[in-house]
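The structure appears right after this line, and notes come after that.
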Amino acid sequence: MTGGNRGELDSIFVLQDFRGSGIGQELMTLSLGWFKTNSIENIAISVLFGNDEALPFYEKFGFYPRTYVLSK
């Protein structure tokens, strides 16, 4: 896939006190709806190394680890 059908969700952050309240789910639902409306099917999400608790959240929406980018 090239060009206009690629999208990236840079970050979703919910304060610890509000996690589990559905805010993250609502943000993801709205974001994915926007991508769908704009015919964007190839979507990437960046998760910082060590933020393992975020992975199951994104997996619920069909995302999975695919590439590791190493920085120095």
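Naming scheme: A, B, ... for chains in displayed order of the structure tokens; residues 1 onward per chain; ligands 1 onward as shown.
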
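Residues surrounding segment 19-34 of chain A within 9 Å are Leu9, Ile12, Phe13, Val14, Ser39, Ile40, Ile43, Phe57, Tyr58 and Phe61 of chain A [only C-alpha atoms; sequence separation below 5 positions excluded].
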
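The closest residue to Glu8 of chain A, picked from A:Ser71, A:Ile45, A:Gly50, A:Pro65 and counting only C-alpha atoms, is A:Ile45.
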
Q: Could you jot down the atom CA of Asp10 of chain A to atom CA of Leu48 of chain A separation for me, Å, one decimal place?
A: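 Atom CA of Leu48 of chain A lies at a distance of 10.6 Å from atom CA of Asp10 of chain A.
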
Q: Report as a list in words: the residues of chain A with a DSSP assignment of alpha helix (DSSP H), based on the backbone of this structure.
A: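 Across chain A, those assigned alpha helix (DSSP H) are Ile23, Gly24, Gln25, Glu26, Leu27, Met28, Thr29, Leu30, Ser31, Leu32, Gly33, Trp34, Phe35, Lys36, Thr37, Ala54, Leu55, Pro56, Phe57, Tyr58 and Glu59 of chain A.
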